[in-house]
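Next comes structure.csv, a file with CSV, C-alpha atoms.
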chain,number,residue,atom,x,y,z
A,1,MET,CA,-51.2,37.8,-40.8
A,2,THR,CA,-47.7,36.7,-39.6
A,3,ALA,CA,-44.8,39.0,-40.0
A,4,THR,CA,-42.1,37.8,-42.3
A,5,ARG,CA,-38.6,37.4,-40.9
A,6,ASN,CA,-35.7,38.7,-42.8
A,7,PRO,CA,-32.8,36.3,-43.4
A,8,THR,CA,-29.8,36.7,-41.1
A,9,ASP,CA,-27.1,38.8,-42.7
A,10,TRP,CA,-24.0,36.8,-41.6
A,11,LYS,CA,-21.7,39.4,-43.3
A,12,SER,CA,-22.9,42.4,-41.3
A,13,ASP,CA,-20.6,44.0,-38.8
A,14,ALA,CA,-22.8,43.2,-35.8
A,15,MET,CA,-23.0,39.5,-36.7
A,16,GLN,CA,-19.3,39.3,-37.4
A,17,ARG,CA,-18.6,40.8,-33.9
A,18,ARG,CA,-20.9,38.2,-32.3
A,19,ILE,CA,-19.2,35.4,-34.2
A,20,ALA,CA,-15.8,36.8,-33.2
A,21,ARG,CA,-16.8,36.9,-29.5
A,22,ARG,CA,-18.2,33.3,-29.7
A,23,TYR,CA,-14.9,32.0,-31.1
A,24,ALA,CA,-12.9,34.0,-28.6
A,25,SER,CA,-15.0,32.5,-25.8
A,26,GLU,CA,-14.4,29.1,-27.1
A,27,ARG,CA,-10.7,29.6,-27.3
A,28,ARG,CA,-10.6,30.9,-23.7
A,29,PHE,CA,-12.5,27.8,-22.6
A,30,LYS,CA,-10.1,25.5,-24.4
A,31,ALA,CA,-7.1,27.4,-22.9
A,32,ALA,CA,-8.6,27.2,-19.4
A,33,GLY,CA,-9.2,23.5,-19.8
A,34,LEU,CA,-5.7,22.9,-21.1
A,35,ALA,CA,-4.2,25.0,-18.3
A,36,ALA,CA,-6.1,22.9,-15.7
A,37,VAL,CA,-4.8,19.7,-17.3
A,38,LEU,CA,-1.2,21.0,-17.4
A,39,LEU,CA,-1.4,22.2,-13.8
A,40,SER,CA,-2.7,18.8,-12.6
A,41,ALA,CA,0.0,17.1,-14.6
A,42,ALA,CA,2.6,19.4,-13.1
A,43,PHE,CA,1.5,18.6,-9.5
A,44,LEU,CA,1.4,14.9,-10.3
A,45,ALA,CA,4.8,15.0,-11.8
A,46,PHE,CA,6.2,16.9,-8.8
A,47,LEU,CA,4.7,14.4,-6.5
A,48,LEU,CA,6.0,11.4,-8.4
A,49,ILE,CA,9.5,12.9,-8.9
A,50,THR,CA,9.8,13.8,-5.2
A,51,MET,CA,8.5,10.5,-4.0
A,52,VAL,CA,10.5,8.4,-6.4
A,53,GLY,CA,13.7,10.5,-5.7
A,54,ASN,CA,13.4,9.8,-2.0
A,55,GLY,CA,12.0,6.4,-2.3
A,56,VAL,CA,14.6,4.9,-4.6
A,57,ARG,CA,17.2,5.7,-1.9
A,58,GLY,CA,15.1,3.7,0.6
A,59,PHE,CA,15.8,0.5,-1.4
A,60,THR,CA,19.6,0.9,-0.9
A,61,ARG,CA,21.8,0.6,2.1
A,62,THR,CA,25.4,1.6,2.9
A,63,GLU,CA,27.6,-1.1,4.4
A,64,ILE,CA,31.1,-1.2,5.9
A,65,THR,CA,33.4,-4.2,5.5
A,66,LEU,CA,35.0,-5.4,8.7
A,67,LYS,CA,37.7,-8.1,9.0
A,68,ILE,CA,37.0,-10.2,12.1
A,69,ASP,CA,39.5,-12.6,13.5
A,70,PHE,CA,37.2,-15.0,15.4
A,71,PRO,CA,40.0,-17.1,17.0
A,72,ALA,CA,41.5,-14.0,18.5
A,73,SER,CA,38.2,-12.6,19.7
A,74,PRO,CA,36.6,-13.3,23.1
A,75,ILE,CA,33.7,-15.1,21.4
A,76,MET,CA,33.3,-18.5,23.1
A,77,LEU,CA,31.1,-20.5,20.8
A,78,ASP,CA,31.1,-24.2,19.9
A,79,PRO,CA,30.7,-24.5,16.1
A,80,LYS,CA,28.8,-27.8,16.7
A,81,ALA,CA,26.3,-26.3,19.1
A,82,ILE,CA,25.1,-23.0,17.5
A,83,THR,CA,21.8,-22.1,18.9
A,84,ASP,CA,19.8,-18.8,19.2
A,85,ALA,CA,20.4,-18.8,22.9
A,86,ALA,CA,24.1,-19.3,22.6
A,87,LEU,CA,24.4,-16.5,20.0
A,88,ALA,CA,22.4,-14.2,22.3
A,89,ASN,CA,24.8,-14.8,25.1
A,90,ALA,CA,28.0,-14.5,22.9
A,91,ASN,CA,28.4,-10.8,23.5
A,92,LEU,CA,28.5,-10.1,19.7
A,93,PRO,CA,27.5,-6.4,20.0
A,94,VAL,CA,30.6,-5.7,22.1
A,95,VAL,CA,32.9,-7.7,19.8
A,96,THR,CA,31.6,-5.9,16.8
A,97,SER,CA,32.1,-2.5,18.4
A,98,GLN,CA,35.7,-3.4,19.4
A,99,VAL,CA,36.5,-4.5,15.9
A,100,ALA,CA,35.0,-1.2,14.5
A,101,ARG,CA,37.2,0.9,16.9
A,102,GLN,CA,40.3,-1.0,15.9
A,103,GLN,CA,39.8,-0.7,12.2
A,104,LEU,CA,37.8,2.5,11.8
A,105,GLY,CA,39.3,4.7,14.5
A,106,LYS,CA,38.7,5.6,18.1
A,107,GLU,CA,35.0,6.3,17.6
A,108,GLY,CA,34.5,3.8,14.8
A,109,ASP,CA,31.6,2.1,16.5
A,110,ARG,CA,29.4,5.2,16.0
A,111,LEU,CA,29.9,4.7,12.2
A,112,LEU,CA,28.0,1.4,12.5
A,113,SER,CA,24.3,0.7,12.8
A,114,PRO,CA,23.2,-0.3,16.3
A,115,SER,CA,22.1,-3.5,14.7
A,116,ALA,CA,25.4,-4.2,12.9
A,117,TRP,CA,26.1,-7.1,15.1
A,118,LEU,CA,23.1,-8.9,13.6
A,119,ALA,CA,25.1,-9.3,10.4
A,120,VAL,CA,27.8,-11.0,12.4
A,121,ARG,CA,25.3,-13.3,14.1
A,122,ASP,CA,23.7,-14.2,10.7
A,123,ALA,CA,27.1,-15.0,9.2
A,124,ILE,CA,27.9,-17.4,12.1
A,125,LYS,CA,24.5,-19.1,11.8
A,126,ALA,CA,25.0,-19.5,8.0
A,127,ASN,CA,28.5,-21.0,8.4
A,128,PRO,CA,29.6,-21.9,11.9
A,129,ARG,CA,33.1,-22.9,10.6
A,130,ILE,CA,34.0,-19.2,10.3
A,131,LEU,CA,34.5,-19.3,14.1
A,132,SER,CA,37.9,-20.8,13.5
A,133,GLN,CA,38.8,-18.4,10.7
A,134,SER,CA,39.5,-14.7,10.0
A,135,VAL,CA,36.7,-13.5,7.7
A,136,THR,CA,35.4,-10.3,6.1
A,137,ILE,CA,31.8,-9.4,6.9
A,138,SER,CA,29.8,-6.5,5.6
A,139,VAL,CA,27.7,-4.8,8.3
A,140,PRO,CA,25.3,-1.9,7.9
A,141,ALA,CA,26.5,1.6,8.5
A,142,SER,CA,24.9,4.1,10.8
A,143,THR,CA,22.0,6.2,9.6
A,144,ASN,CA,24.1,9.4,9.5
A,145,LEU,CA,26.8,7.7,7.4
A,146,ASP,CA,24.2,6.2,5.1
A,147,LEU,CA,22.7,9.6,4.6
A,148,ALA,CA,26.1,11.1,3.9
A,149,ALA,CA,26.7,8.4,1.3
A,150,LYS,CA,23.5,9.4,-0.4
A,151,GLY,CA,24.4,13.1,-0.4
A,152,SER,CA,22.1,14.4,2.4
A,153,GLY,CA,24.3,14.0,5.5
A,154,THR,CA,26.0,16.4,7.8
A,155,PRO,CA,29.5,17.7,6.9
A,156,GLU,CA,31.0,15.7,9.8
A,157,PHE,CA,29.8,12.4,8.4
A,158,GLU,CA,30.4,13.4,4.8
A,159,SER,CA,34.1,13.7,5.6
A,160,GLU,CA,34.0,10.4,7.4
A,161,TYR,CA,32.4,8.8,4.4
A,162,ALA,CA,35.0,10.3,2.1
A,163,ARG,CA,37.8,8.9,4.3
A,164,LEU,CA,36.3,5.4,4.3
A,165,LYS,CA,35.5,5.6,0.6
A,166,GLN,CA,39.2,6.1,-0.1
A,167,THR,CA,40.1,2.9,1.8
A,168,GLY,CA,37.5,1.0,-0.2
A,169,ILE,CA,35.8,-0.6,2.8
A,170,VAL,CA,32.4,1.2,2.4
A,171,HIS,CA,29.9,0.6,-0.4
A,172,THR,CA,26.2,1.2,-1.1
A,173,GLY,CA,24.1,-1.5,-2.7
A,174,ILE,CA,20.5,-2.7,-2.9
A,175,ASN,CA,18.9,-3.4,0.5
A,176,TRP,CA,17.1,-6.7,-0.1
A,177,GLY,CA,16.3,-6.7,3.6
A,178,PHE,CA,13.8,-3.9,3.0
A,179,LEU,CA,11.7,-6.3,1.0
A,180,THR,CA,12.0,-9.3,3.4
A,181,ALA,CA,12.2,-7.8,6.9
A,182,SER,CA,9.5,-6.3,9.2
A,183,ASP,CA,9.3,-3.2,11.3
A,184,GLY,CA,12.0,-2.1,13.7
A,185,THR,CA,13.6,0.8,15.5
A,186,ASP,CA,16.7,1.0,13.4
A,187,PRO,CA,16.0,2.6,9.9
A,188,THR,CA,18.9,0.6,8.4
A,189,GLN,CA,17.2,-2.7,9.4
A,190,VAL,CA,13.5,-2.1,8.9
A,191,GLY,CA,11.5,-3.8,6.1
A,192,ILE,CA,8.2,-3.7,4.5
A,193,TRP,CA,7.4,-7.5,4.2
A,194,GLY,CA,5.4,-7.7,7.5
A,195,ALA,CA,3.1,-4.8,6.5
A,196,PHE,CA,2.8,-6.0,2.9
A,197,LYS,CA,1.7,-9.5,4.1
A,198,GLY,CA,-0.7,-7.9,6.6
A,199,SER,CA,-2.2,-5.8,3.8
A,200,LEU,CA,-2.5,-8.9,1.6
A,201,ILE,CA,-4.3,-11.0,4.2
A,202,THR,CA,-6.5,-8.1,5.2
A,203,MET,CA,-7.6,-7.4,1.6
A,204,LEU,CA,-8.3,-11.1,1.1
A,205,VAL,CA,-10.6,-11.1,4.1
A,206,THR,CA,-12.2,-7.9,2.9
A,207,LEU,CA,-12.9,-9.3,-0.6
A,208,ALA,CA,-14.1,-12.7,0.8
A,209,LEU,CA,-16.7,-10.9,2.9
A,210,SER,CA,-17.8,-7.8,0.9
A,211,PHE,CA,-17.9,-9.2,-2.6
A,212,PRO,CA,-20.4,-12.2,-2.2
A,213,ILE,CA,-22.5,-10.3,0.3
A,214,GLY,CA,-22.6,-7.1,-1.8
A,215,VAL,CA,-23.5,-9.0,-5.0
A,216,ALA,CA,-26.2,-11.0,-3.3
A,217,THR,CA,-27.6,-7.8,-1.8
A,218,ALA,CA,-27.6,-6.1,-5.2
A,219,LEU,CA,-29.3,-9.1,-6.8
A,220,TYR,CA,-32.0,-9.3,-4.2
A,221,LEU,CA,-32.8,-5.6,-4.2
A,222,GLU,CA,-32.9,-5.4,-8.0
A,223,GLU,CA,-34.5,-8.7,-8.9
A,224,TYR,CA,-36.5,-10.0,-6.0
A,225,ALA,CA,-37.3,-7.4,-3.4
A,226,PRO,CA,-40.8,-5.9,-3.7
A,227,LYS,CA,-41.3,-2.2,-4.1
A,228,ALA,CA,-42.2,-1.2,-0.6
A,229,TRP,CA,-41.4,1.4,2.0
A,230,TRP,CA,-38.9,-0.9,3.8
A,231,THR,CA,-36.9,-1.5,0.6
A,232,ASP,CA,-36.8,2.3,0.1
A,233,ILE,CA,-35.4,2.7,3.6
A,234,ILE,CA,-32.7,0.0,2.8
A,235,GLU,CA,-31.8,1.7,-0.5
A,236,VAL,CA,-31.4,5.1,1.2
A,237,SER,CA,-29.4,3.6,4.0
A,238,ILE,CA,-27.0,1.9,1.6
A,239,ASN,CA,-26.5,5.1,-0.3
A,240,ASN,CA,-25.8,7.0,2.9
A,241,LEU,CA,-23.4,4.3,4.2
A,242,ALA,CA,-21.3,4.8,1.0
A,243,ALA,CA,-20.7,8.4,2.0
A,244,VAL,CA,-20.0,7.8,5.8
A,245,PRO,CA,-16.5,8.8,6.9
A,246,SER,CA,-14.2,5.8,7.2
A,247,ILE,CA,-13.4,6.5,10.9
A,248,ILE,CA,-17.0,5.8,11.7
A,249,PHE,CA,-16.6,2.2,10.5
A,250,GLY,CA,-13.5,2.0,12.7
A,251,LEU,CA,-15.6,2.9,15.7
A,252,LEU,CA,-18.2,0.4,14.6
A,253,GLY,CA,-15.5,-2.3,14.3
A,254,LEU,CA,-14.1,-1.3,17.7
A,255,SER,CA,-17.5,-1.6,19.5
A,256,ILE,CA,-18.7,-4.8,17.8
A,257,PHE,CA,-15.8,-6.9,16.8
A,258,LEU,CA,-13.5,-6.1,19.7
A,259,ASN,CA,-15.6,-4.9,22.7
A,260,PHE,CA,-18.6,-7.1,22.0
A,261,MET,CA,-17.3,-10.2,20.1
A,262,HIS,CA,-13.9,-10.1,21.8
A,263,LEU,CA,-12.0,-10.9,18.6
A,264,PRO,CA,-8.2,-10.5,18.7
A,265,ARG,CA,-7.0,-6.9,18.6
A,266,SER,CA,-4.8,-5.8,15.7
A,267,ALA,CA,-5.6,-8.9,13.7
A,268,ALA,CA,-6.1,-9.1,9.9
A,269,LEU,CA,-9.5,-10.7,10.6
A,270,VAL,CA,-10.8,-7.7,12.4
A,271,GLY,CA,-9.3,-5.3,9.9
A,272,GLY,CA,-10.8,-7.2,7.0
A,273,MET,CA,-14.2,-7.3,8.6
A,274,THR,CA,-14.1,-3.5,9.4
A,275,LEU,CA,-13.0,-2.7,5.8
A,276,ALA,CA,-15.7,-5.0,4.4
A,277,LEU,CA,-18.3,-2.9,6.2
A,278,MET,CA,-16.9,0.1,4.4
A,279,THR,CA,-16.5,-1.5,1.0
A,280,MET,CA,-19.9,-3.3,0.9
A,281,PRO,CA,-22.1,-0.3,0.1
A,282,VAL,CA,-19.9,0.7,-2.8
A,283,ILE,CA,-20.2,-2.8,-4.3
A,284,VAL,CA,-24.0,-2.9,-3.7
A,285,ILE,CA,-24.5,0.4,-5.5
A,286,ALA,CA,-22.3,-0.5,-8.4
A,287,GLY,CA,-23.9,-4.0,-8.6
A,288,ARG,CA,-27.4,-2.6,-8.8
A,289,ASN,CA,-26.4,-0.1,-11.5
A,290,ALA,CA,-24.7,-2.9,-13.5
A,291,ILE,CA,-27.8,-5.2,-13.2
A,292,LYS,CA,-30.1,-2.3,-14.3
A,293,SER,CA,-27.9,-1.8,-17.4
A,294,VAL,CA,-28.7,-5.4,-18.7
A,295,PRO,CA,-31.4,-4.9,-21.4
A,296,PRO,CA,-34.9,-6.3,-20.5
A,297,SER,CA,-34.9,-8.2,-23.8
A,298,ILE,CA,-32.2,-10.5,-22.3
A,299,ARG,CA,-34.6,-11.5,-19.5
A,300,ASP,CA,-37.6,-11.7,-21.9
A,301,ALA,CA,-35.7,-13.9,-24.3
A,302,ALA,CA,-34.5,-16.3,-21.5
A,303,LEU,CA,-38.0,-16.6,-20.0
A,304,GLY,CA,-39.4,-17.1,-23.5
A,305,ILE,CA,-37.3,-20.2,-24.1
A,306,GLY,CA,-38.4,-21.7,-20.8
A,307,ALA,CA,-35.7,-20.6,-18.3
A,308,SER,CA,-36.8,-20.2,-14.7
A,309,PRO,CA,-36.4,-16.8,-13.0
A,310,VAL,CA,-33.4,-18.1,-11.0
A,311,GLN,CA,-31.8,-19.3,-14.2
A,312,VAL,CA,-32.4,-16.0,-15.9
A,313,VAL,CA,-30.6,-14.2,-13.0
A,314,PHE,CA,-27.6,-16.4,-12.6
A,315,ASN,CA,-27.1,-17.6,-16.2
A,316,HIS,CA,-27.9,-14.4,-18.1
A,317,VAL,CA,-28.2,-11.3,-16.0
A,318,LEU,CA,-25.3,-11.8,-13.6
A,319,PRO,CA,-22.7,-12.8,-16.2
A,320,LEU,CA,-23.6,-9.7,-18.2
A,321,ALA,CA,-23.5,-7.4,-15.2
A,322,LEU,CA,-20.3,-8.9,-13.8
A,323,PRO,CA,-17.9,-6.4,-15.5
A,324,GLY,CA,-19.8,-3.5,-13.9
A,325,ILE,CA,-19.8,-5.2,-10.6
A,326,LEU,CA,-16.0,-5.8,-10.8
A,327,THR,CA,-15.6,-2.1,-11.6
A,328,GLY,CA,-17.4,-1.2,-8.3
A,329,THR,CA,-15.3,-3.8,-6.5
A,330,ILE,CA,-12.1,-2.2,-7.9
A,331,ILE,CA,-13.1,1.2,-6.5
A,332,GLY,CA,-14.1,-0.2,-3.2
A,333,MET,CA,-11.0,-2.3,-2.7
A,334,ALA,CA,-8.7,0.5,-3.8
A,335,ARG,CA,-10.3,2.7,-1.2
A,336,ALA,CA,-10.0,0.0,1.5
A,337,LEU,CA,-6.3,-0.6,0.6
A,338,GLY,CA,-5.4,3.1,1.3
A,339,GLU,CA,-7.4,3.5,4.5
A,340,THR,CA,-5.7,4.2,7.8
A,341,ALA,CA,-8.2,5.7,10.2
A,342,PRO,CA,-10.5,2.7,10.7
A,343,LEU,CA,-7.6,0.4,11.2
A,344,LEU,CA,-6.0,2.7,13.8
A,345,MET,CA,-9.3,2.5,15.8
A,346,ILE,CA,-9.1,-1.3,16.0
A,347,GLY,CA,-5.4,-1.3,17.2
A,348,MET,CA,-3.6,-2.1,14.0
A,349,ARG,CA,-0.9,0.5,14.8
A,350,ALA,CA,1.0,-1.8,17.1
A,351,PHE,CA,4.7,-2.5,16.7
A,352,ILE,CA,4.8,-5.7,14.7
A,353,ALA,CA,8.3,-7.2,14.3
A,354,THR,CA,7.1,-10.5,12.9
A,355,PRO,CA,5.0,-11.0,9.8
A,356,PRO,CA,1.5,-12.5,10.5
A,357,GLY,CA,1.1,-16.2,10.0
A,358,GLY,CA,-2.7,-16.1,9.7
A,359,ILE,CA,-5.8,-14.0,9.9
A,360,THR,CA,-5.8,-14.0,13.8
A,361,ASP,CA,-2.2,-13.1,14.3
A,362,PRO,CA,-1.2,-9.5,15.1
A,363,ALA,CA,-0.6,-7.5,11.9
A,364,THR,CA,-0.3,-4.1,10.4
A,365,VAL,CA,-0.9,-2.8,6.9
A,366,LEU,CA,1.1,-0.6,4.5
A,367,PRO,CA,-0.8,2.7,5.1
A,368,VAL,CA,-0.5,2.3,8.9
A,369,GLN,CA,3.2,1.4,8.5
A,370,ILE,CA,3.7,4.5,6.4
A,371,PHE,CA,1.9,6.6,8.9
A,372,LEU,CA,4.1,5.3,11.8
A,373,TRP,CA,7.4,5.8,9.9
A,374,SER,CA,6.4,9.3,8.9
A,375,ASP,CA,6.1,10.1,12.6
A,376,GLU,CA,9.6,8.9,13.5
A,377,VAL,CA,12.3,11.3,14.6
A,378,SER,CA,15.2,9.7,12.7
A,379,LYS,CA,15.9,11.1,9.3
A,380,GLY,CA,16.6,7.6,8.0
A,381,PHE,CA,12.9,6.9,8.1
A,382,VAL,CA,12.1,9.7,5.6
A,383,GLU,CA,13.4,7.7,2.6
A,384,LYS,CA,11.9,4.5,4.0
A,385,THR,CA,8.5,6.2,4.1
A,386,SER,CA,8.8,7.1,0.5
A,387,ALA,CA,10.0,3.6,-0.4
A,388,ALA,CA,7.0,2.2,1.4
A,389,ILE,CA,4.7,4.5,-0.6
A,390,ILE,CA,6.2,3.2,-3.8
A,391,VAL,CA,5.5,-0.4,-2.6
A,392,LEU,CA,1.9,0.6,-1.8
A,393,LEU,CA,1.3,2.1,-5.2
A,394,VAL,CA,2.8,-1.0,-6.9
A,395,PHE,CA,0.5,-3.2,-4.8
A,396,LEU,CA,-2.5,-1.0,-5.7
A,397,LEU,CA,-1.6,-1.1,-9.4
A,398,ALA,CA,-1.1,-4.8,-9.4
A,399,MET,CA,-4.4,-5.4,-7.6
A,400,ASN,CA,-6.3,-3.1,-10.0
A,401,GLY,CA,-4.6,-4.7,-13.0
A,402,ILE,CA,-5.8,-8.2,-11.9
A,403,ALA,CA,-9.3,-6.8,-11.4
A,404,ILE,CA,-9.3,-5.1,-14.8
A,405,TYR,CA,-8.1,-8.2,-16.5
A,406,LEU,CA,-10.9,-10.2,-14.9
A,407,ARG,CA,-13.5,-7.6,-15.9
A,408,ASN,CA,-12.3,-7.6,-19.5
A,409,LYS,CA,-12.3,-11.4,-19.5
A,410,PHE,CA,-15.9,-11.7,-18.4
A,411,GLU,CA,-17.2,-8.7,-20.4
A,412,LYS,CA,-19.7,-9.7,-23.1
A,413,ARG,CA,-21.2,-7.7,-25.9
A,414,TRP,CA,-24.9,-7.7,-26.8

Spit out the file's structure as structure tokens when you get a sec.
Amino acid sequence: MTATRNPTDWKSDAMQRRIARRYASERRFKAAGLAAVLLSAAFLAFLLITMVGNGVRGFTRTEITLKIDFPASPIMLDPKAITDAALANANLPVVTSQVARQQLGKEGDRLLSPSAWLAVRDAIKANPRILSQSVTISVPASTNLDLAAKGSGTPEFESEYARLKQTGIVHTGINWGFLTASDGTDPTQVGIWGAFKGSLITMLVTLALSFPIGVATALYLEEYAPKAWWTDIIEVSINNLAAVPSIIFGLLGLSIFLNFMHLPRSAALVGGMTLALMTMPVIVIAGRNAIKSVPPSIRDAALGIGASPVQVVFNHVLPLALPGILTGTIIGMARALGETAPLLMIGMRAFIATPPGGITDPATVLPVQIFLWSDEVSKGFVEKTSAAIIVLLVFLLAMNGIAIYLRNKFEKRW
């Protein structure tokens, strides 16, 4: 004989206390979750505000207007024979310093950037007729004066900036050279284009190698490979490779691509091949999961109407799995774009003053450029580092946006 169970008395004091404790526990859990989200948002906001606050100043530059009387200067140049060699021997740095001391004071040359004479050289190259004229040229100010103009300089240079500001010969504007120039030793003249182009070429090499090989590997392992001990070893190895520290791939690229194959050091080709080794396991894993998610009924229906196994895979399974494969590709490429350690191992930390023209030319990438600038002594590189980080984030968002667009375009419902 089974004992009868009395119905629960929901209005009893004991039950009401239990319900109250349950609701209190739920409220505490919600509060903890909300606090965690708010704390994460606060840290993210602090990071973005700090980075953007410093980085925006990196896109600007302070310039001083100098009036140069070329006929009265000791520059001996023929306007009809302006060449790089002639400009290099024209003693333009000395002339620029003399003009600065005449117009800005006894120590006026220290208010100019060490590369200020390059603005004079470029003006002559653009219009050789100014050699017979008295013209006004804007040259970059020194790092200390530039920082003073942006509110973070020393009292000495802040007073100098105030004096020049009253005369109207100093101004701060957008530094377009930061987007078109390459690395340098003067923070007022450095640019991000060389590193940006190196990152772009390196990512193209990485994608061209890792995507087709990774997708082909995923298709073979999921659709054609027999269930055997050696396929299990391959699967475990791929899963382990996805978790290997990135610097190990740098050592692998150093030993194989440089020491054994003797490929050019610090080239986008070697960097792309090294990052492809790191990205490929991620694409393989994501590709296999995407292929598994395709319903078996799709395969059965295609086979039932007479399609061959190869047609089933490439005409039905692969198109349906492509959005998931692109998701894995986005994750892998985003990781590769931000990597520094493996590229340092293959020598992509060299000083590159000229943008690469091809995959075998010496190159650097944005993360390495940021790393090198962050280690510079000059305070002028602080804002340049933050500005380069902004460029890297925009590059990453643009690359991910294109990949997400392609994923949504190829996505199919069933």

- [ ] Would you be able to write out as a VMD selection string which residues have an atom within 9 Å of (26.3, -4.1, 6.0) in the file's coordinates, counting all atoms listed in the file?
- [x] chain A and resid 61 to 65 112 to 113 116 119 137 to 141 170 to 172

Quick one: write out the picked residues with C-alpha atoms as a PDB file, keeping the file's coordinate frame?
ATOM      1  CA  ARG A  61      21.800   0.600   2.100  1.00  0.00           C
ATOM      2  CA  THR A  62      25.400   1.600   2.900  1.00  0.00           C
ATOM      3  CA  GLU A  63      27.600  -1.100   4.400  1.00  0.00           C
ATOM      4  CA  ILE A  64      31.100  -1.200   5.900  1.00  0.00           C
ATOM      5  CA  THR A  65      33.400  -4.200   5.500  1.00  0.00           C
ATOM      6  CA  LEU A 112      28.000   1.400  12.500  1.00  0.00           C
ATOM      7  CA  SER A 113      24.300   0.700  12.800  1.00  0.00           C
ATOM      8  CA  ALA A 116      25.400  -4.200  12.900  1.00  0.00           C
ATOM      9  CA  ALA A 119      25.100  -9.300  10.400  1.00  0.00           C
ATOM     10  CA  ILE A 137      31.800  -9.400   6.900  1.00  0.00           C
ATOM     11  CA  SER A 138      29.800  -6.500   5.600  1.00  0.00           C
ATOM     12  CA  VAL A 139      27.700  -4.800   8.300  1.00  0.00           C
ATOM     13  CA  PRO A 140      25.300  -1.900   7.900  1.00  0.00           C
ATOM     14  CA  ALA A 141      26.500   1.600   8.500  1.00  0.00           C
ATOM     15  CA  VAL A 170      32.400   1.200   2.400  1.00  0.00           C
ATOM     16  CA  HIS A 171      29.900   0.600  -0.400  1.00  0.00           C
ATOM     17  CA  THR A 172      26.200   1.200  -1.100  1.00  0.00           C
TER      18      THR A 172
END

Open item on the list: Nearest residue to A:Ala276 out of A:Ser40, A:Asn240, A:Gln166, A:Thr202, using only C-alpha atoms?
Closed with: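 The answer is A:Thr202, which sits nearest to A:Ala276.
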
Taking all atoms of stretch 268-287 of chain A that appear in the file, build a box with edges along x, y and z, extend it by 3 Å on every side, and state its centre and edge lengths in Å to one decimal, as AutoDock Vina command-line options.
--center_x -15.3 --center_y -5.0 --center_z 1.9 --size_x 24.4 --size_y 17.4 --size_z 27.0

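Taking atom CA of A:Met345 and atom CA of A:Ile247 as the two end points, the separation is 7.5 Å.
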
Open item on the list: Counting all atoms listed in the file, which residue out of A:Ala123, A:Ile370, A:Leu111, A:Leu219 sits closest to A:Ser159?
Closed with: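 Using all atoms listed in the file, the shortest distance to A:Ser159 belongs to A:Leu111.
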
TODO: Write out as an NGL selection string each polymer residue whose atoms come within 6 Å of stretch 278-287 of chain A, counting only C-alpha atoms; drop sequence neighbours fewer than 3 positions from it.
DONE: :A and (210 or 214 or 218 or 238 or 242 or 275 or 290 or 325 or 328-329 or 332)

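Near A:Glu156, within 10 Å and counting only C-alpha atoms, sit A:Asn144, A:Leu145, A:Ala148, not including residues fewer than 6 positions from it in the same chain.
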
Can I get the selection written as a tab-separated table (two decimals), in the frame of the given file, with C-alpha atoms?
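Result written to again-v2.tsv:
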chain	number	residue	atom	x	y	z
A	144	ASN	CA	24.10	9.40	9.50
A	145	LEU	CA	26.80	7.70	7.40
A	148	ALA	CA	26.10	11.10	3.90

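Comparing A:Thr274, A:Leu241, A:Leu118, A:Met399 by their smallest distance to A:Ile256, the closest is A:Thr274 (using only C-alpha atoms).
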
Task: Two-atom distance - atom CA of A:Leu318, atom CA of A:Gly306 (Å) - done: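 Between atom CA of A:Leu318 and atom CA of A:Gly306 the gap is 17.9 Å.
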
Task: Interatomic distance, atom CA of A:Lys227 to atom CA of A:Asn289 (Å, one decimal) - done: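 Spanning atom CA of A:Lys227 to atom CA of A:Asn289 is a straight-line distance of 16.8 Å.
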
Residues near A:Ile82, anyone? I mean within 12 Å using all atoms listed in the file, not counting same-chain ones fewer than 6 positions away, as a compact mmCIF listing (two decimals) with C-alpha atoms, in the frame of the given file.
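part.txt, freshly written:
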# COMPACT_ATOMS: atom_id res chain seq x y z
CA MET A 76 33.30 -18.50 23.10
CA ALA A 88 22.40 -14.20 22.30
CA ASN A 89 24.80 -14.80 25.10
CA ALA A 90 28.00 -14.50 22.90
CA ARG A 121 25.30 -13.30 14.10
CA ASP A 122 23.70 -14.20 10.70
CA ALA A 123 27.10 -15.00 9.20
CA ILE A 124 27.90 -17.40 12.10
CA LYS A 125 24.50 -19.10 11.80
CA ALA A 126 25.00 -19.50 8.00
CA ASN A 127 28.50 -21.00 8.40
CA PRO A 128 29.60 -21.90 11.90
CA ARG A 129 33.10 -22.90 10.60
CA LEU A 131 34.50 -19.30 14.10

Open item on the list: Env of stretch 384-396 of chain A: 8 Å cut, atoms = only C-alpha atoms, seq-sep filter 4 positions within chain, self excluded. Answer as an MDAnalysis selection string.
Closed with: chainID A and resid 51:52 54:59 187 192 334 337 366:367 370 373:374 380 400

- [ ] Pick out the closest residue to A:Leu179 from this set: A:Lys379, A:Arg27, A:His316, A:Lys197. Count all atoms listed in the file.
- [x]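 Of the candidates, the smallest distance to A:Leu179 is held by A:Lys197.
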